[in-house]
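Here is the structure we will look at, set down as structure tokens.
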Amino acid sequence: MDWSGSGIGSAIRRWCAGEENWVDNRTVYIGHREPPHGTDAYILQKYPDNRIISSKYTFWNFFPKNLFEQFRRIANFYFLIIFLVQLIIDTPTSPVTSGLPLFFVITVTAIKQGYEDWLRHKADNAVNKCPVHIIQDGKLIQKQSYKVQVGDIVMTKENETFACDMVFLSSSANGTCFVTTASLDGESSTKTYHAVQETKSLQTEEELDTLNATIECEQPQPDLYNFVGRINIYHESEGPIARPLGSENVLLRGATLKNTKIVYGVAIYTGMESKMALNYQSKSQKRSAVEKSMNAFLVVYLCILVSKALITTVLKYVWQSDSMRDDPWFNMKTQTERRKNKFLSSFTDFLAFMVLFNYIIPVSMYVTVEMQKFFGSYFITWDEEMFDDELYEGPTVNTSDLNEELGQVEYVFTDKTGTLTENNMEFIECCIDGRVHVSQAISNGQSFYSHIAIDFIDAPVAVVDRGREDLFFRALCLCHTVQVKREDQTDCPKQDQQNRRSSVYISSSPDEIALVEGVKRYGYSFLQLRDNYMELENAEAEVERYELLEILSFDSVRRRMSVIVRSESGEIIMFCKGADSSIFPRVKEGKLELVQQRVEHNAVEGLRTLCVGYKVLTCEKYEEIHTLLQNAKLSLHDRDRKLAEAYDVVEMDLDLLGATAVEDRLQDKTAETVEALQLAGIKVWVLTGDKMETAAATCYACKLFRRTTQLFELTTKRIEEQNLHDVLFDLSRTILRQSDNLRRDSYSGFSQHDLHDYGLIIDGATLSLVMKPGEDGNSTSYKDIFLEICRQCSGVLCCRMAPLQKAQIVKLIKVSKEHPITLAIGDGANDVSMILEAHVGIGILGKEGRQAARNSDYCIPKFKHLKKLLLVHGHYYYIRIAELVQYFFYKNVCFIFPQFLYQFFCGFSQQPLYDAAYLTLYNISFTSLPILLYSLMEQHVSVDALKRDPTLYRDIAKNALLRWKLFLYWTFLGVFDAVAFFFGAYFLFDHSAMTSNGKVFGNWTFGTLVFTVLVFTVTLKLALDTHHWTWMNHLVIWGSLVFYIIFSLLWGGVIWPFLNYQTMYYVFMQMLSTGPAWLGITLLLTVSLLPDVVKKVICRQLWPTAADKVQENLMKSENHVSEFIPLAPAPSSIYTSNMHRSQEQRTSLSTANSGKVTHTYWTEDEYSNNLTVLDYSGNHCSSNAHCKFVGSGLETAV
């Protein structure tokens, strides 16, 4: 049999030869129908079913898998080893003392993770068993979702979600459908999808069942916005017809069908191969600086633990080297027994001491830290000040592991459009052949829309060409991807007052909507796109129809888009619009200089500009273009590259018509936020794709740059005049020479008192040269110089940035020698790369979709909320968790060091100082709740003080509260307290008769006394550190002490005799029944707490921190102005001028601005002292009179 020319032979050759990229494609047979004889072979492939699995465990693997994952944590594994050692060898403490806390931690974590996974199973079952309609044998049948297979033709009804990823075949709306993808990328706007011309006419089940076609497409990819494929349609009488398939032809699982009754599609990706499922993969794990410090401290304490065990093991054998200090006479060892297994016995003793001292490692600290982060994250979501009334959404915490990192940020990298600005475009003007057309005129104080053209003052008078003006307005009406929908069909209508057809424009780009709506002011209206024809209404109210031949879609690399249309007269025109940098080099005709002059003028004003050009095509030229584009679209490999090359060829030799200008206003309080961040010592960088002039104007408006800022440019224009090496070294010499004489703050690198305020502007092309390796393969020298320049600048603007370059900038700063903490904030998909790269990623709930919010660590409604997120929440999170970590190590040193000292008095016999119950419950019950609540509620300064004085943020920068100096202080403080506990009790009660019958304290009574002083000391130490007291603090602090006393009475059998424990029977009661014990506890508490109190008083007087000064000023202000509670802002002009109005005016003004009024009486002295506070001075009161002041305004805090 000859297979050489058959499809089977072709398939075999490709299989055997391993044709390049063959495995990157898949062939889907629509309706599972075999292709006609003589075409490609029918090779049945296996694909996964449509089952979605988001759960992590099954019933059978939960316990082994969960335990394996938990014991991968070093702390859990360490305590497991300790527990096993206690089971294997004879240790001084019961295995329960280590096993119970470990069991508690493992059980709580397993229950939490098991419950969360059960919820995931429940959600999966609800999705997998929902009904789906498919076509089989010409009939519509119903299946459960998980039974859908690749190749099935699926029917979806309006408001239903698509059950799988499928290629759009036909619909009840003549081959178009409207879809919302909010569940995928958060975009609430409706998108339009299209079926190919050959299948959109198939409207019934019978017609679709007769479709004989195959789809060749790429293997599943997680990218939601790209798809490469083609459909081959077979006819009996004709050869196969191939049509390209792109993202506009694919309906994704999870998207919802809107405003379309019925849609038919063929399943191509099912189950875990759908794009939605492929996007389930979690982001890379980020670790905070606090966690790294905590691990470093843990290593130190492990070394201390091993050292203690080694010392006591050696000293034990030194002690036993004396024959008189051997084992007791009834267990006296022979000489042979002493020599036998010397190494094994010493190793056993070493392990026993390790077990005895292992409590210095705080296993409960990890649980407490996790609880603190989890519960603490709710303070962000509950913050009413960060709730946005326009979006009706508040902040979201996607990960709580980085809460404290918000208090350590040193660099903020922010996008411009939609982040600093509103991304709400307003059409301002257009320039056509040098004539500026202003759409809004002002007359008699009122604004109205008018068609007014203004010539440049310094330009020659342009000749009015009405034809080119009309062509320009037609270009704006046709060159876009805007969809028109009736207002009653949309979920979020946007009323247009001038559109008598009561319709709205919908697009994923706010710029396009602004242009289409703006051109209406000149009499041109885009009506609709129907049956591949675009309709517009011209200035004479005539409807024009243009056949849409091609769309050359916009992309961030080309920065332009084009459409090719055929007019009713048969003329073929290509309209192109885009950024000036991508249009001007392609212009062959037109008044380039005049348009370029206006574009630069608008850019300086901060307006977003687009240039518009056109080209008339002959039929022969269009056929060439159509063939070129079709070949590129049908390619399954490197389609994007081939399309880019084709677009580059087509979009040449343009005739420049003009340019447009739209305004994107700054968000509310953006300038205030940027200024506060700079005062906090945080450097702000703006990374944007906009042109330099527009971005620079925005930076001035948001106060990143000031009028006194000396700007340096590192741009392509300057590199053309002077090579990169010389430019970098010139900038370095200029900036560093001036900076050498300045004394800069070590944390921020920028001070308002600096004599020189520098700013840097760099573009994407120059950044590529800086990052590009040199001929020797090393670009480190350029990077280092660039970083050194940036460190001396108060603000940096990076313009013309590609998304990948944004991430490169963040990484460059992130891995520099200082290793600063970076934060990236943005609102669009182009910001995702830098958000994932930074230590902390913030997403803005913007108008460019929710990709940034989905991939971020935290999500906030507006940029202004970043101020409170960092300066308040971040500040609190850091000081709370820093205290928590230091306190845990401190209290464990206090806990275990007396145990170490006790070995010197018990012959190194491994005798425990404390009872087993105390060993077990010390970290779990007696001292856990106070520090947990402290780490959730502590406020060393008020919220208002943190917002009012951003410089307080500098006090905690560079991980200031977890430095080695402070760590050693807490450690030595713990050692001092432990020595005071132990030797204080030892010397106070040595050889002394304590009870009425002459009995002295035994070892358990001694240990209980030390433990009692220990519990009270560490708890009162925390009480002394608490600045913000609530009823919950009182409850847990004093309640913990009461609980310890009650437990000790229970455990000793005083309250419930049946709970008595032989070793501790009546020990606690007997200790408390003696007066010297009470006196000793009081004295030891005083001695233990006094040094820390004295140290704090001295430091507060001699070296006060900014927080100390704020606290002191607050106390002084409370004592000085006790009865004055102002409800009006001091600097308000409304407040001042209100005194000179009539009573009726004051009443109406008060009602409009505030619901509260101050009514305060002062004595003469108080009145004169508070005039500056009120910003009001008058001499209408007599010197001996009581002054009455009544006024109102906005409520504030002073």
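A note on labels: chains of the structure tokens are A, B, ... as shown, every chain counts residues from 1, and ligands are counted from 1 in their shown order.
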query: So which residues touch Cys798 (chain A) within 8 Å, counting only C-alpha atoms, skipping near sequence neighbours fewer than 3 positions away, as a ChimeraX atom specification?
result: /A:685-688,761-764,801
Pull C-alpha atoms from the residues just selected and write them as a PDB file, in the first residue's frame.
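What follows is the written file out26.pdb:
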```
ATOM      1  CA  TRP A 685       9.447  56.594  40.971  1.00  0.00           C
ATOM      2  CA  VAL A 686       6.888  56.986  38.183  1.00  0.00           C
ATOM      3  CA  LEU A 687       7.048  54.280  35.500  1.00  0.00           C
ATOM      4  CA  THR A 688       4.834  54.969  32.494  1.00  0.00           C
ATOM      5  CA  ILE A 761      14.022  61.482  33.564  1.00  0.00           C
ATOM      6  CA  ILE A 762      14.947  58.344  31.619  1.00  0.00           C
ATOM      7  CA  ASP A 763      13.193  56.667  28.709  1.00  0.00           C
ATOM      8  CA  GLY A 764      12.836  53.018  27.815  1.00  0.00           C
ATOM      9  CA  MET A 801       8.434  51.983  29.434  1.00  0.00           C
TER      10      MET A 801
END
```
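Distances from A:Lys316, A:Phe77, A:Gln408, A:Trp970 to Leu869 (chain A) were compared using only C-alpha atoms, and the smallest one belongs to A:Gln408.
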task: Do a neighbour search on Val1010 (chain A) at 10 Å with only C-alpha atoms, toss out local chain neighbours closer than 2 positions, and write the hits as a PyMOL selection string.
output: chain A and resi 895+898+913-914+978+980-986+1004-1008+1012-1015+1081+1084
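Checking A:Asn423, A:Asn959, A:Ser582, A:Ser364 one by one against Pro101 (chain A), counting only C-alpha atoms, you find the shortest gap at A:Ser364.
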- request: Within 12 Å of Asp415 (chain A), counting only C-alpha atoms, which residues show up once you throw out same-chain ones fewer than 6 positions away? Write them as a ChimeraX atom specification, please.
  value: /A:421-423,684-690,695,698-699,797-803,806-807,823-835,842-844,846,852,863
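With distances restricted to only C-alpha atoms, A:Ile380 is the closest residue to His865 (chain A) from A:Val1036, A:Cys431, A:Ile380, A:Val770.
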- prompt: What is the distance, in Å and to one decimal place, between CA of Thr618 (chain A) and CA of Lys577 (chain A)?
  reply: 20.5 Å
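Closest to Glu788 (chain A) among A:Arg468, A:Ser768, A:Leu594, A:Leu760 is A:Leu760, based on only C-alpha atoms.
If you measure from each of A:Ser569, A:Thr1017, A:Gln1070, A:Ser509 to Leu1083 (chain A) using only C-alpha atoms, the closest one turns out to be A:Thr1017.
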query: Hey, what's within 12 Å of Phe62 (chain A) if we count only C-alpha atoms and toss same-chain stuff fewer than 6 positions away? As a PyMOL selection string, please?
result: chain A and resi 55-56+68-70+110-111+113-115+117-118
